[in-house]
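A short write-up of the structure that comes next.
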Amino acid sequence: MFNDINLDEIDLTESPPEEEPNRQYYFMAKCRELIRRKKEELGHPLSFCIKTFGCQMNARDSEKLQGILEKIGYIKSKSEMSTFVIYNTCTVRENVNLRVYGRLGYLHALKKKNPHMMIGLCGCMMQEPKVVEKLKNSYRFVDLIFGTHNIYKLAELVTVALEQNKMIVDIWKNTDQIVENLPIDRKYFFKSGVNIMFGCNNFCSYCIVPYVRGRERSRRPEEILEEIRKLVNDGVKEIMLLGQNVNSYGQNLAHSLRFAGLLEQVAGINGLERIRFMTSHPKDLSEELIEVMSKYSNICPHLHLPVQSGSTNILRQMNRRYTKEFYLALVDRIRSFIPDISLTTDIIIGFPGETEKDFMETIDVVEKVRYDSTFMFIYSKRTGTPAAEMDKQIPEEVIKERFNFLLAKVKEISRDKLSRFEGKIMNVLVEAVNEQDPSLMTGRLANNLLVHFPGNASMIGTILPVYLNCCNGFYYIGSII
Ligand code: 5AD
Ligand code: SF4
């Protein structure tokens with residue numbers, strides 16, 4: 001999409017430019033030459049494989065990495081038997097973190113059989129100094145380590161890694177730089193994520209994101225709108241505006257445009273059929289945003305509104321800066337404007353000091369709000385966050401019991417809630433051939449619910465009216481009308 005700069009016209013006899021993105025295009029040209037030579041030497045094309053852990057932000061970052069790698073001559077592969085394997089890591093919870101170390105052992109075995117293989121690690125985990133220390137000491141076979149702030153530099157980093165046969169580590173603590181106009185390879189031709197901001201300033205006491213993703217930085221609205229217009233021209237029907245807390249969009253920019261205003265401008269883009277956004281912090285969700293959502297039919301009637309806990313006491317300890325009552329009143333206000341909106345949430349179970357009473361407050365919120373779906377997370381202690389230092393960490397058995405209790409509750413509610421569309425005809429954006437049954441297609445309703453229905457692959461990327469026959473728990477079985 002942004003492949004405007006022709007690499008053939010770059011003069012590699014000159015020294016690299018200082019300004020971005022020109023510097024990166026220079027290194028893409030240089031790296032492409034190195035890759036071409038390597039391909040001749042090995043007698044086969046060089047392949048790459050990116051494994052992405054974690055959230056939508058990481059998925060979008062991986063598309064950027066992929067765009068650069070394809071531009072410099074690597075061929076995409078799903079297999080970790082590739083010449084270049086990158087793990088784009090997540091560190092929000094410890095268990096995702098541990099999975100990466102486990103898989104590195106497997107990569108090491110592959111690399112022993114194939115010495116030309118290159119291993120790269122990037123993403124949130126790399127922003128933790130203790131992780132990088134461990135890798136430097138015990139995982140010397142890793143070739144390239146970089147963080148969340150400099151993924152745009154991939155071509156430059158690969159050039160250095162190919163030229164110097166040693167471990168390259170390039171981690172930045174923070175940045176206020178946003179580099180625009182680099183190549184991106186999208187996973188889907190009909191939908192795309194669009195970053196509107198990076199980083200987070202909220203410092204919820206359990207969360208490591210502000211430490212690894214840095215301070216909040218918003219992209220300029222002109223750049224965002226231009227990117228979306230190009231995507232729509234390219235055939236994209238649905239976009240997801242991405243940010244750790246989209247509701248505080250624009251605070252570091254010189255003008256007064258906030259998220260509601262940006263969303264309204266996005267909604268006005270001709271040909272854009274669906275707009276989603278993630279994630280909304282309840283404390284910053286404005287009245288204007290609710291109004292804009294109710295005004296435009298192309299803004300999907302879905303809001304992911306993480307509550308984290310229903311106990312005002314725990315919310316205070318979490319530094320969430322709202323109370324149970326504030327949250328419930330907000331939900332009422334949203335529903336008074338958009339009655340059929342689909343609300344989803346995140347809940348953490350077992351935050352330090354969570355009593356049975358606190359937990360029952362969470363159950364109370366779940367019963368009152370009746371979410372379409374709930375993502376439940378067992379509290380994970382992240383070193384360096386204030387919560388890791390708090391007394392009264394909750395025993396595992398208690399957490400398990402609470403988890404199972406909440407799970408049963410949210411399942412019962414979701415099953416009941418989600419069936420409310422049975423017998424209706426609703427538009428579905430067709431996404432893929434069903435993995436279990438190839439005679440079925442899988443698509444999404446505007447409210448994000450999945451629908452499976454008989455069809456064929458030519459429907460992918462189109463929006464079709466589908467009759468919703470029955471709801472099987474978390475998805476619908478439908479038929480095209
Ligand atoms: N432990 C458990 N869950 C967490 N989350 C963030 N940090 C932690 C943690 N330390 C959850 C929150 C957030 C979601 C993306 O991950 O619920 O909304
Ligand atoms: Fe983490 Fe809170 Fe920021 Fe979300 S808003 S990324 S939970 S600190």
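Labels used: A, B, ... for chains in the order of the structure tokens, numbers from 1 for residues in each chain, and numbers from 1 for ligands as shown.
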All residues within 8 Å of ligand 1 are required, counting only C-alpha atoms and all ligand atoms; please report them as a compact mmCIF listing (two decimals) with C-alpha atoms, in the first residue's frame.
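Everything below was put into part11.txt:
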# COMPACT_ATOMS: atom_id res chain seq x y z
CA CYS A 55 -2.86 -8.43 21.41
CA VAL A 92 1.18 -8.88 29.82
CA ARG A 93 0.93 -12.17 31.69
CA GLU A 94 3.69 -14.49 32.82
CA TYR A 206 -1.08 -4.62 37.81
CA CYS A 207 -0.12 -3.74 34.25
CA ILE A 208 3.28 -3.79 32.62
CA VAL A 209 2.17 -2.16 29.35
CA PRO A 306 -12.81 -3.58 30.52
CA VAL A 307 -14.15 -3.38 34.07
CA GLN A 308 -11.30 -5.45 35.63
CA THR A 345 -15.21 -6.83 29.09
CA ASP A 346 -11.99 -7.99 30.75
CA ILE A 347 -11.92 -9.18 34.36
CA ILE A 348 -8.91 -9.97 36.51
CA ILE A 349 -9.41 -12.59 39.19
CA PHE A 351 -5.79 -9.26 42.38
CA PHE A 375 -12.46 -12.29 28.92
CA MET A 376 -11.26 -13.61 32.25
CA PHE A 377 -7.65 -13.38 33.39
CA ILE A 378 -6.01 -14.84 36.45
CA TYR A 379 -3.93 -12.10 38.08
CA SER A 380 -0.32 -12.44 37.02
CA LYS A 381 2.38 -10.81 39.09
CA ARG A 382 4.54 -8.60 36.86
Contacts of ligand 2, 6 Å or closer, only C-alpha atoms and all ligand atoms, given as number ranges by chain: A: 200, 202-204, 207, 209-210, 244-245
Quick one: write out the picked residues with N, CA and C atoms as a short mmCIF file (atom, residue, chain, number, x, y, z; two decimals), in the first residue's frame?
data_model
loop_
_atom_site.label_atom_id
_atom_site.label_comp_id
_atom_site.auth_asym_id
_atom_site.auth_seq_id
_atom_site.Cartn_x
_atom_site.Cartn_y
_atom_site.Cartn_z
N CYS A 200 0.84 3.99 26.73
CA CYS A 200 -0.23 4.17 27.70
C CYS A 200 0.30 4.96 28.90
N ASN A 202 -1.64 5.26 31.77
CA ASN A 202 -2.57 5.04 32.88
C ASN A 202 -1.98 4.36 34.10
N PHE A 203 -0.98 3.56 33.91
CA PHE A 203 -0.33 2.88 35.03
C PHE A 203 -1.33 2.19 35.97
N CYS A 204 -2.20 1.37 35.40
CA CYS A 204 -3.00 0.49 36.26
C CYS A 204 -1.97 -0.35 37.03
N CYS A 207 -0.38 -3.63 35.69
CA CYS A 207 -0.12 -3.74 34.25
C CYS A 207 1.29 -3.29 33.86
N VAL A 209 2.19 -2.82 30.67
CA VAL A 209 2.17 -2.16 29.35
C VAL A 209 2.81 -0.76 29.35
N PRO A 210 2.49 0.13 30.31
CA PRO A 210 3.11 1.47 30.25
C PRO A 210 4.64 1.41 30.33
N GLN A 244 -3.99 1.54 23.16
CA GLN A 244 -4.18 0.94 24.49
C GLN A 244 -5.36 1.58 25.19
N ASN A 245 -5.57 2.87 24.92
CA ASN A 245 -6.70 3.57 25.51
C ASN A 245 -7.15 4.62 24.51
#
Would you mind writing down, as a count of residues only, each residue of region 116-151 of chain A that DSSP on the backbone assigns to strand (DSSP E or B)? 9
Leaving out region 262-279 of chain A and any residue of its chain fewer than 6 positions from it, which residues lie within 10 Å of it when counting only C-alpha atoms, given as a short mmCIF file (atom, residue, chain, number, x, y, z; two decimals) with all heavy atoms, in the first residue's frame?
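As written to disk, out_2.cif reads:
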data_model
loop_
_atom_site.label_atom_id
_atom_site.label_comp_id
_atom_site.auth_asym_id
_atom_site.auth_seq_id
_atom_site.Cartn_x
_atom_site.Cartn_y
_atom_site.Cartn_z
N GLN A 56 -3.92 -7.22 19.63
CA GLN A 56 -4.13 -6.67 18.28
C GLN A 56 -3.00 -5.73 17.86
O GLN A 56 -2.68 -5.62 16.68
CB GLN A 56 -5.42 -5.84 18.26
CG GLN A 56 -6.60 -6.51 18.82
CD GLN A 56 -7.44 -7.12 17.73
OE1 GLN A 56 -7.06 -7.11 16.56
NE2 GLN A 56 -8.57 -7.67 18.10
N MET A 57 -2.41 -5.04 18.85
CA MET A 57 -1.31 -4.13 18.55
C MET A 57 -0.13 -4.92 18.00
O MET A 57 0.52 -4.51 17.06
CB MET A 57 -0.82 -3.44 19.83
CG MET A 57 -1.79 -2.45 20.36
SD MET A 57 -1.71 -0.98 19.36
CE MET A 57 -1.91 0.22 20.56
N LYS A 191 -10.16 -6.37 5.72
CA LYS A 191 -10.22 -5.65 6.99
C LYS A 191 -8.81 -5.36 7.48
O LYS A 191 -7.86 -6.08 7.14
CB LYS A 191 -11.03 -6.41 8.04
CG LYS A 191 -10.42 -7.70 8.53
CD LYS A 191 -11.23 -8.23 9.72
CE LYS A 191 -10.59 -9.45 10.32
NZ LYS A 191 -11.29 -9.94 11.51
N SER A 192 -8.71 -4.32 8.31
CA SER A 192 -7.36 -3.96 8.75
C SER A 192 -7.43 -3.20 10.08
O SER A 192 -8.37 -2.46 10.33
CB SER A 192 -6.73 -3.05 7.69
OG SER A 192 -5.46 -2.63 8.14
N GLY A 193 -6.40 -3.39 10.87
CA GLY A 193 -6.21 -2.55 12.05
C GLY A 193 -5.53 -1.26 11.63
O GLY A 193 -4.80 -1.24 10.63
N VAL A 194 -5.78 -0.19 12.33
CA VAL A 194 -5.08 1.08 12.07
C VAL A 194 -4.68 1.66 13.43
O VAL A 194 -5.56 1.95 14.26
CB VAL A 194 -6.01 2.08 11.33
CG1 VAL A 194 -5.36 3.46 11.23
CG2 VAL A 194 -6.35 1.56 9.94
N ASN A 195 -3.40 1.82 13.66
CA ASN A 195 -2.96 2.42 14.93
C ASN A 195 -3.36 3.89 14.96
O ASN A 195 -3.11 4.61 14.00
CB ASN A 195 -1.44 2.37 15.07
CG ASN A 195 -0.91 0.95 15.13
OD1 ASN A 195 -0.38 0.44 14.15
ND2 ASN A 195 -1.07 0.31 16.26
N ILE A 196 -3.97 4.30 16.04
CA ILE A 196 -4.21 5.75 16.16
C ILE A 196 -3.29 6.33 17.25
O ILE A 196 -3.05 7.52 17.29
CB ILE A 196 -5.69 6.10 16.43
CG1 ILE A 196 -6.18 5.52 17.76
CG2 ILE A 196 -6.58 5.62 15.29
CD1 ILE A 196 -7.50 6.16 18.21
N PRO A 221 -4.12 13.21 12.98
CA PRO A 221 -5.35 12.77 12.32
C PRO A 221 -5.21 12.70 10.79
O PRO A 221 -5.75 11.78 10.17
CB PRO A 221 -6.38 13.84 12.71
CG PRO A 221 -5.65 14.91 13.43
CD PRO A 221 -4.33 14.38 13.85
N GLU A 222 -4.46 13.64 10.18
CA GLU A 222 -4.31 13.62 8.71
C GLU A 222 -3.72 12.29 8.26
O GLU A 222 -4.12 11.72 7.25
CB GLU A 222 -3.37 14.72 8.19
CG GLU A 222 -3.60 16.12 8.70
CD GLU A 222 -2.94 16.36 10.06
OE1 GLU A 222 -1.72 16.63 10.12
OE2 GLU A 222 -3.67 16.25 11.06
N ILE A 224 -3.79 9.40 9.87
CA ILE A 224 -4.73 8.30 10.11
C ILE A 224 -5.79 8.26 9.00
O ILE A 224 -6.06 7.21 8.40
CB ILE A 224 -5.42 8.47 11.49
CG1 ILE A 224 -4.37 8.43 12.61
CG2 ILE A 224 -6.50 7.43 11.70
CD1 ILE A 224 -4.90 8.82 13.98
N LEU A 225 -6.36 9.45 8.72
CA LEU A 225 -7.44 9.50 7.73
C LEU A 225 -6.92 9.11 6.34
O LEU A 225 -7.59 8.39 5.60
CB LEU A 225 -8.07 10.91 7.71
CG LEU A 225 -8.80 11.26 9.01
CD1 LEU A 225 -9.11 12.75 9.09
CD2 LEU A 225 -10.10 10.46 9.15
N GLU A 226 -5.71 9.57 6.03
CA GLU A 226 -5.10 9.24 4.74
C GLU A 226 -4.89 7.72 4.63
O GLU A 226 -5.18 7.12 3.60
CB GLU A 226 -3.76 10.00 4.64
CG GLU A 226 -3.00 9.86 3.34
CD GLU A 226 -3.81 10.30 2.13
OE1 GLU A 226 -4.82 11.01 2.29
OE2 GLU A 226 -3.42 9.89 1.01
N ILE A 228 -6.56 5.39 6.15
CA ILE A 228 -7.84 4.70 6.02
C ILE A 228 -8.42 4.88 4.61
O ILE A 228 -8.92 3.93 4.01
CB ILE A 228 -8.83 5.17 7.10
CG1 ILE A 228 -8.26 4.83 8.48
CG2 ILE A 228 -10.20 4.51 6.92
CD1 ILE A 228 -9.05 5.38 9.66
N ARG A 229 -8.29 6.10 4.08
CA ARG A 229 -8.80 6.32 2.71
C ARG A 229 -8.09 5.38 1.73
O ARG A 229 -8.73 4.79 0.86
CB ARG A 229 -8.58 7.78 2.29
CG ARG A 229 -9.64 8.68 2.85
CD ARG A 229 -9.63 10.06 2.23
NE ARG A 229 -10.14 11.00 3.20
CZ ARG A 229 -9.41 11.81 3.95
NH1 ARG A 229 -8.10 11.86 3.80
NH2 ARG A 229 -9.97 12.60 4.83
N LEU A 231 -6.73 2.52 2.42
CA LEU A 231 -7.20 1.15 2.68
C LEU A 231 -8.55 0.91 2.01
O LEU A 231 -8.77 -0.12 1.39
CB LEU A 231 -7.31 0.90 4.19
CG LEU A 231 -5.99 0.75 4.95
CD1 LEU A 231 -6.22 0.83 6.46
CD2 LEU A 231 -5.31 -0.58 4.60
N VAL A 232 -9.44 1.89 2.13
CA VAL A 232 -10.78 1.74 1.53
C VAL A 232 -10.65 1.65 0.01
O VAL A 232 -11.29 0.81 -0.63
CB VAL A 232 -11.70 2.90 1.97
CG1 VAL A 232 -13.01 2.89 1.20
CG2 VAL A 232 -11.98 2.82 3.47
N ASN A 233 -9.78 2.48 -0.57
CA ASN A 233 -9.54 2.40 -2.02
C ASN A 233 -9.01 1.05 -2.43
O ASN A 233 -9.23 0.58 -3.54
CB ASN A 233 -8.50 3.44 -2.45
CG ASN A 233 -9.17 4.77 -2.72
OD1 ASN A 233 -10.38 4.82 -2.90
ND2 ASN A 233 -8.38 5.83 -2.73
N GLY A 235 -9.96 -1.70 -1.15
CA GLY A 235 -10.99 -2.72 -0.98
C GLY A 235 -11.30 -3.10 0.46
O GLY A 235 -12.06 -4.03 0.72
N VAL A 236 -10.70 -2.38 1.42
CA VAL A 236 -10.97 -2.70 2.83
C VAL A 236 -12.37 -2.23 3.24
O VAL A 236 -12.76 -1.10 2.95
CB VAL A 236 -9.88 -2.08 3.74
CG1 VAL A 236 -10.31 -2.08 5.19
CG2 VAL A 236 -8.58 -2.85 3.58
N LYS A 237 -13.12 -3.14 3.88
CA LYS A 237 -14.50 -2.79 4.27
C LYS A 237 -14.58 -2.43 5.75
O LYS A 237 -15.48 -1.72 6.17
CB LYS A 237 -15.40 -4.01 4.03
CG LYS A 237 -15.38 -4.52 2.61
CD LYS A 237 -16.78 -4.55 2.08
CE LYS A 237 -16.84 -4.57 0.57
NZ LYS A 237 -16.42 -5.80 -0.05
N GLU A 238 -13.66 -3.02 6.53
CA GLU A 238 -13.76 -2.84 7.98
C GLU A 238 -12.41 -2.41 8.54
O GLU A 238 -11.40 -3.01 8.22
CB GLU A 238 -14.19 -4.17 8.61
CG GLU A 238 -14.21 -4.13 10.12
CD GLU A 238 -14.68 -5.46 10.73
OE1 GLU A 238 -15.74 -5.97 10.34
OE2 GLU A 238 -13.96 -5.97 11.61
N ILE A 239 -12.42 -1.42 9.39
CA ILE A 239 -11.16 -1.08 10.05
C ILE A 239 -11.37 -1.07 11.57
O ILE A 239 -12.46 -0.81 12.07
CB ILE A 239 -10.56 0.26 9.59
CG1 ILE A 239 -11.53 1.38 9.85
CG2 ILE A 239 -10.14 0.27 8.14
CD1 ILE A 239 -10.84 2.45 10.57
N MET A 240 -10.29 -1.39 12.25
CA MET A 240 -10.30 -1.38 13.72
C MET A 240 -9.27 -0.33 14.16
O MET A 240 -8.07 -0.48 13.89
CB MET A 240 -9.91 -2.77 14.20
CG MET A 240 -9.48 -2.85 15.63
SD MET A 240 -10.80 -3.22 16.74
CE MET A 240 -10.81 -4.98 16.70
N LEU A 241 -9.74 0.72 14.81
CA LEU A 241 -8.82 1.75 15.31
C LEU A 241 -8.17 1.21 16.57
O LEU A 241 -8.87 0.76 17.50
CB LEU A 241 -9.58 3.05 15.61
CG LEU A 241 -10.37 3.61 14.43
CD1 LEU A 241 -11.20 4.83 14.86
CD2 LEU A 241 -9.44 4.00 13.28
N LEU A 242 -6.85 1.24 16.61
CA LEU A 242 -6.14 0.57 17.71
C LEU A 242 -5.38 1.53 18.62
O LEU A 242 -4.70 2.44 18.14
CB LEU A 242 -5.11 -0.41 17.14
CG LEU A 242 -5.63 -1.60 16.34
CD1 LEU A 242 -4.48 -2.33 15.68
CD2 LEU A 242 -6.41 -2.54 17.25
N GLY A 243 -5.50 1.31 19.90
CA GLY A 243 -4.73 2.06 20.90
C GLY A 243 -4.94 1.39 22.24
O GLY A 243 -5.97 0.73 22.45
N GLN A 244 -3.99 1.54 23.16
CA GLN A 244 -4.18 0.94 24.49
C GLN A 244 -5.36 1.58 25.19
O GLN A 244 -6.04 0.96 25.97
CB GLN A 244 -2.94 1.11 25.39
CG GLN A 244 -1.66 0.56 24.83
CD GLN A 244 -1.69 -0.93 24.60
OE1 GLN A 244 -2.58 -1.62 25.09
NE2 GLN A 244 -0.74 -1.43 23.86
N ASN A 245 -5.57 2.87 24.92
CA ASN A 245 -6.70 3.57 25.51
C ASN A 245 -7.15 4.62 24.51
O ASN A 245 -6.77 5.78 24.60
CB ASN A 245 -6.27 4.21 26.83
CG ASN A 245 -7.37 5.05 27.43
OD1 ASN A 245 -8.54 4.93 27.05
ND2 ASN A 245 -7.01 5.92 28.36
N VAL A 246 -7.97 4.19 23.55
CA VAL A 246 -8.34 5.10 22.45
C VAL A 246 -9.05 6.36 22.98
O VAL A 246 -9.01 7.41 22.35
CB VAL A 246 -9.22 4.41 21.39
CG1 VAL A 246 -8.45 3.37 20.61
CG2 VAL A 246 -10.48 3.82 21.99
N ASN A 247 -9.68 6.24 24.14
CA ASN A 247 -10.44 7.38 24.66
C ASN A 247 -9.57 8.55 25.09
O ASN A 247 -10.08 9.63 25.35
CB ASN A 247 -11.34 6.95 25.82
CG ASN A 247 -12.34 5.92 25.37
OD1 ASN A 247 -12.42 4.84 25.92
ND2 ASN A 247 -13.07 6.24 24.34
N TYR A 249 -7.18 9.57 23.08
CA TYR A 249 -6.53 9.99 21.83
C TYR A 249 -6.37 11.52 21.76
O TYR A 249 -7.26 12.25 22.16
CB TYR A 249 -7.36 9.53 20.60
CG TYR A 249 -6.83 10.12 19.32
CD1 TYR A 249 -5.71 9.59 18.71
CD2 TYR A 249 -7.40 11.28 18.76
CE1 TYR A 249 -5.18 10.16 17.56
CE2 TYR A 249 -6.88 11.85 17.62
CZ TYR A 249 -5.77 11.29 17.02
OH TYR A 249 -5.23 11.87 15.90
N GLY A 250 -5.25 11.95 21.27
CA GLY A 250 -5.07 13.37 20.92
C GLY A 250 -4.48 14.23 22.01
O GLY A 250 -4.20 15.41 21.78
N GLU A 288 -19.67 12.57 24.13
CA GLU A 288 -19.64 12.81 22.67
C GLU A 288 -19.40 11.50 21.93
O GLU A 288 -19.96 11.28 20.86
CB GLU A 288 -18.52 13.79 22.26
CG GLU A 288 -18.63 15.19 22.82
CD GLU A 288 -18.08 15.28 24.24
OE1 GLU A 288 -16.86 15.14 24.41
OE2 GLU A 288 -18.87 15.46 25.19
N LEU A 289 -18.56 10.64 22.53
CA LEU A 289 -18.27 9.37 21.85
C LEU A 289 -19.55 8.55 21.72
O LEU A 289 -19.84 8.00 20.66
CB LEU A 289 -17.20 8.58 22.62
CG LEU A 289 -16.92 7.21 22.02
CD1 LEU A 289 -16.33 7.31 20.63
CD2 LEU A 289 -15.99 6.40 22.90
N GLU A 291 -22.54 9.63 21.63
CA GLU A 291 -23.41 10.27 20.62
C GLU A 291 -22.95 9.92 19.21
O GLU A 291 -23.78 9.60 18.35
CB GLU A 291 -23.40 11.79 20.81
CG GLU A 291 -24.38 12.23 21.88
CD GLU A 291 -24.19 13.68 22.28
OE1 GLU A 291 -23.74 14.48 21.44
OE2 GLU A 291 -24.51 14.01 23.45
N VAL A 292 -21.64 10.03 18.98
CA VAL A 292 -21.12 9.73 17.63
C VAL A 292 -21.43 8.27 17.28
O VAL A 292 -21.87 7.96 16.17
CB VAL A 292 -19.60 10.02 17.55
CG1 VAL A 292 -19.00 9.47 16.26
CG2 VAL A 292 -19.33 11.50 17.66
N MET A 293 -21.24 7.38 18.25
CA MET A 293 -21.51 5.96 17.97
C MET A 293 -22.96 5.73 17.58
O MET A 293 -23.26 4.91 16.71
CB MET A 293 -21.21 5.10 19.21
CG MET A 293 -19.74 4.85 19.43
SD MET A 293 -19.50 3.68 20.78
CE MET A 293 -19.79 2.12 19.94
N LYS A 295 -24.89 7.83 16.16
CA LYS A 295 -25.28 8.61 14.98
C LYS A 295 -24.91 7.93 13.65
O LYS A 295 -25.56 8.15 12.65
CB LYS A 295 -24.54 9.95 15.09
CG LYS A 295 -25.22 11.11 14.41
CD LYS A 295 -24.69 12.43 14.95
CE LYS A 295 -23.89 13.18 13.91
NZ LYS A 295 -23.18 14.33 14.46
N TYR A 296 -23.84 7.15 13.66
CA TYR A 296 -23.33 6.61 12.38
C TYR A 296 -23.54 5.11 12.28
O TYR A 296 -23.09 4.35 13.15
CB TYR A 296 -21.83 6.92 12.23
CG TYR A 296 -21.57 8.39 12.01
CD1 TYR A 296 -21.40 9.25 13.09
CD2 TYR A 296 -21.55 8.92 10.72
CE1 TYR A 296 -21.19 10.61 12.90
CE2 TYR A 296 -21.34 10.27 10.52
CZ TYR A 296 -21.17 11.10 11.60
OH TYR A 296 -20.97 12.44 11.41
N SER A 297 -24.21 4.70 11.20
CA SER A 297 -24.54 3.27 11.07
C SER A 297 -23.30 2.43 10.75
O SER A 297 -23.32 1.22 10.92
CB SER A 297 -25.60 3.07 10.00
OG SER A 297 -25.10 3.56 8.78
N ASN A 298 -22.22 3.08 10.27
CA ASN A 298 -21.03 2.25 9.98
C ASN A 298 -20.12 2.08 11.20
O ASN A 298 -19.10 1.41 11.12
CB ASN A 298 -20.25 2.79 8.76
CG ASN A 298 -19.82 4.23 8.90
OD1 ASN A 298 -20.20 4.90 9.87
ND2 ASN A 298 -19.03 4.71 7.95
N ILE A 299 -20.46 2.68 12.33
CA ILE A 299 -19.71 2.39 13.56
C ILE A 299 -20.37 1.18 14.22
O ILE A 299 -21.56 1.21 14.52
CB ILE A 299 -19.69 3.60 14.52
CG1 ILE A 299 -19.11 4.82 13.80
CG2 ILE A 299 -18.91 3.26 15.80
CD1 ILE A 299 -19.06 6.09 14.64
N CYS A 300 -19.61 0.12 14.39
CA CYS A 300 -20.20 -1.13 14.88
C CYS A 300 -20.76 -0.97 16.30
O CYS A 300 -20.12 -0.35 17.15
CB CYS A 300 -19.15 -2.24 14.87
SG CYS A 300 -18.67 -2.70 13.22
N PRO A 301 -21.95 -1.57 16.53
CA PRO A 301 -22.55 -1.46 17.86
C PRO A 301 -21.89 -2.43 18.84
O PRO A 301 -22.53 -3.37 19.33
CB PRO A 301 -24.02 -1.81 17.61
CG PRO A 301 -23.97 -2.70 16.42
CD PRO A 301 -22.79 -2.31 15.59
N HIS A 302 -20.64 -2.23 19.07
CA HIS A 302 -19.88 -3.09 19.99
C HIS A 302 -18.88 -2.24 20.76
O HIS A 302 -18.21 -1.40 20.17
CB HIS A 302 -19.13 -4.17 19.18
CG HIS A 302 -18.15 -4.94 20.02
ND1 HIS A 302 -16.93 -5.37 19.56
CD2 HIS A 302 -18.21 -5.35 21.32
CE1 HIS A 302 -16.29 -6.00 20.52
NE2 HIS A 302 -17.04 -6.00 21.60
N LEU A 303 -18.82 -2.46 22.04
CA LEU A 303 -17.88 -1.71 22.86
C LEU A 303 -17.19 -2.68 23.82
O LEU A 303 -17.86 -3.38 24.59
CB LEU A 303 -18.64 -0.65 23.65
CG LEU A 303 -17.87 0.50 24.25
CD1 LEU A 303 -17.02 1.22 23.22
CD2 LEU A 303 -18.83 1.49 24.88
N HIS A 304 -15.86 -2.70 23.73
CA HIS A 304 -15.11 -3.49 24.70
C HIS A 304 -14.73 -2.53 25.83
O HIS A 304 -13.98 -1.59 25.62
CB HIS A 304 -13.87 -4.09 24.03
CG HIS A 304 -13.12 -5.01 24.93
ND1 HIS A 304 -13.69 -6.17 25.42
CD2 HIS A 304 -11.87 -4.96 25.46
CE1 HIS A 304 -12.81 -6.78 26.20
NE2 HIS A 304 -11.71 -6.07 26.25
N LEU A 305 -15.30 -2.79 27.00
CA LEU A 305 -15.18 -1.84 28.09
C LEU A 305 -14.67 -2.58 29.34
O LEU A 305 -15.46 -2.97 30.21
CB LEU A 305 -16.56 -1.23 28.35
CG LEU A 305 -16.63 0.04 29.16
CD1 LEU A 305 -15.88 1.18 28.48
CD2 LEU A 305 -18.10 0.46 29.36
N PRO A 306 -13.35 -2.77 29.41
CA PRO A 306 -12.81 -3.58 30.52
C PRO A 306 -13.17 -3.00 31.89
O PRO A 306 -12.90 -1.83 32.16
CB PRO A 306 -11.29 -3.53 30.30
CG PRO A 306 -11.13 -3.22 28.87
CD PRO A 306 -12.28 -2.31 28.52
N THR A 345 -16.06 -7.37 28.03
CA THR A 345 -15.21 -6.83 29.09
C THR A 345 -14.02 -7.74 29.40
O THR A 345 -13.96 -8.88 28.94
CB THR A 345 -16.05 -6.60 30.37
OG1 THR A 345 -15.40 -5.65 31.19
CG2 THR A 345 -16.28 -7.89 31.16
N LEU A 429 -19.96 -9.92 7.50
CA LEU A 429 -18.76 -9.76 6.68
C LEU A 429 -18.08 -11.13 6.64
O LEU A 429 -17.66 -11.65 7.68
CB LEU A 429 -17.83 -8.69 7.26
CG LEU A 429 -16.45 -8.56 6.60
CD1 LEU A 429 -16.54 -8.29 5.11
CD2 LEU A 429 -15.63 -7.43 7.25
N ALA A 446 -21.94 -7.18 12.74
CA ALA A 446 -21.36 -5.89 13.14
C ALA A 446 -21.03 -5.89 14.63
O ALA A 446 -20.06 -5.27 15.07
CB ALA A 446 -22.32 -4.76 12.80
N ASN A 447 -21.84 -6.62 15.42
CA ASN A 447 -21.58 -6.63 16.87
C ASN A 447 -20.49 -7.63 17.26
O ASN A 447 -20.32 -7.94 18.43
CB ASN A 447 -22.86 -6.93 17.64
CG ASN A 447 -23.43 -8.29 17.27
OD1 ASN A 447 -22.71 -9.15 16.79
ND2 ASN A 447 -24.71 -8.46 17.47
N ASN A 448 -19.78 -8.16 16.25
CA ASN A 448 -18.61 -9.01 16.44
C ASN A 448 -18.92 -10.49 16.64
O ASN A 448 -18.02 -11.29 16.82
CB ASN A 448 -17.73 -8.51 17.60
CG ASN A 448 -16.26 -8.75 17.32
OD1 ASN A 448 -15.86 -8.81 16.16
ND2 ASN A 448 -15.46 -8.91 18.37
N ILE A 463 -20.01 -8.44 2.14
CA ILE A 463 -20.98 -8.32 3.23
C ILE A 463 -22.31 -8.84 2.71
O ILE A 463 -22.81 -8.36 1.69
CB ILE A 463 -21.09 -6.86 3.72
CG1 ILE A 463 -19.75 -6.45 4.34
CG2 ILE A 463 -22.24 -6.70 4.71
CD1 ILE A 463 -19.71 -5.05 4.93
#
Separation of CA of Leu285 (chain A) from CA of His255 (chain A) in Å: 19.1 Å
Which is closest to Arg402 (chain A) among A:Asn252, A:Asn137, A:Ser419, A:Thr362, if we use only C-alpha atoms?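 Using only C-alpha atoms, the shortest distance to Arg402 (chain A) belongs to A:Thr362.
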Using only C-alpha atoms, the shortest atom-to-atom distance to Ile314 (chain A) among A:Ala29, A:Val131, A:Ile50, A:Met360 belongs to A:Met360
Would you tabulate, counting only C-alpha atoms, all residues of region 90-175 of chain A that have an atom at most 12 Å from an atom of region 12-28 of chain A, showing the closest pair of atoms and their distance in Å to one decimal, sorted by chain then ascending number, as a Markdown table?
| residue | atom | partner | partner_atom | distance |
| --- | --- | --- | --- | --- |
| A:Asn150 | CA | A:Gln24 | CA | 11.2 |
| A:Ile151 | CA | A:Gln24 | CA | 10.9 |
| A:Tyr152 | CA | A:Gln24 | CA | 7.7 |
| A:Lys153 | CA | A:Gln24 | CA | 6.4 |
| A:Leu154 | CA | A:Gln24 | CA | 8.1 |
| A:Ala155 | CA | A:Met28 | CA | 5.2 |
| A:Glu156 | CA | A:Phe27 | CA | 5.2 |
| A:Leu157 | CA | A:Phe27 | CA | 8.8 |
| A:Val158 | CA | A:Phe27 | CA | 8.9 |
| A:Thr159 | CA | A:Phe27 | CA | 7.0 |
| A:Val160 | CA | A:Phe27 | CA | 9.7 |
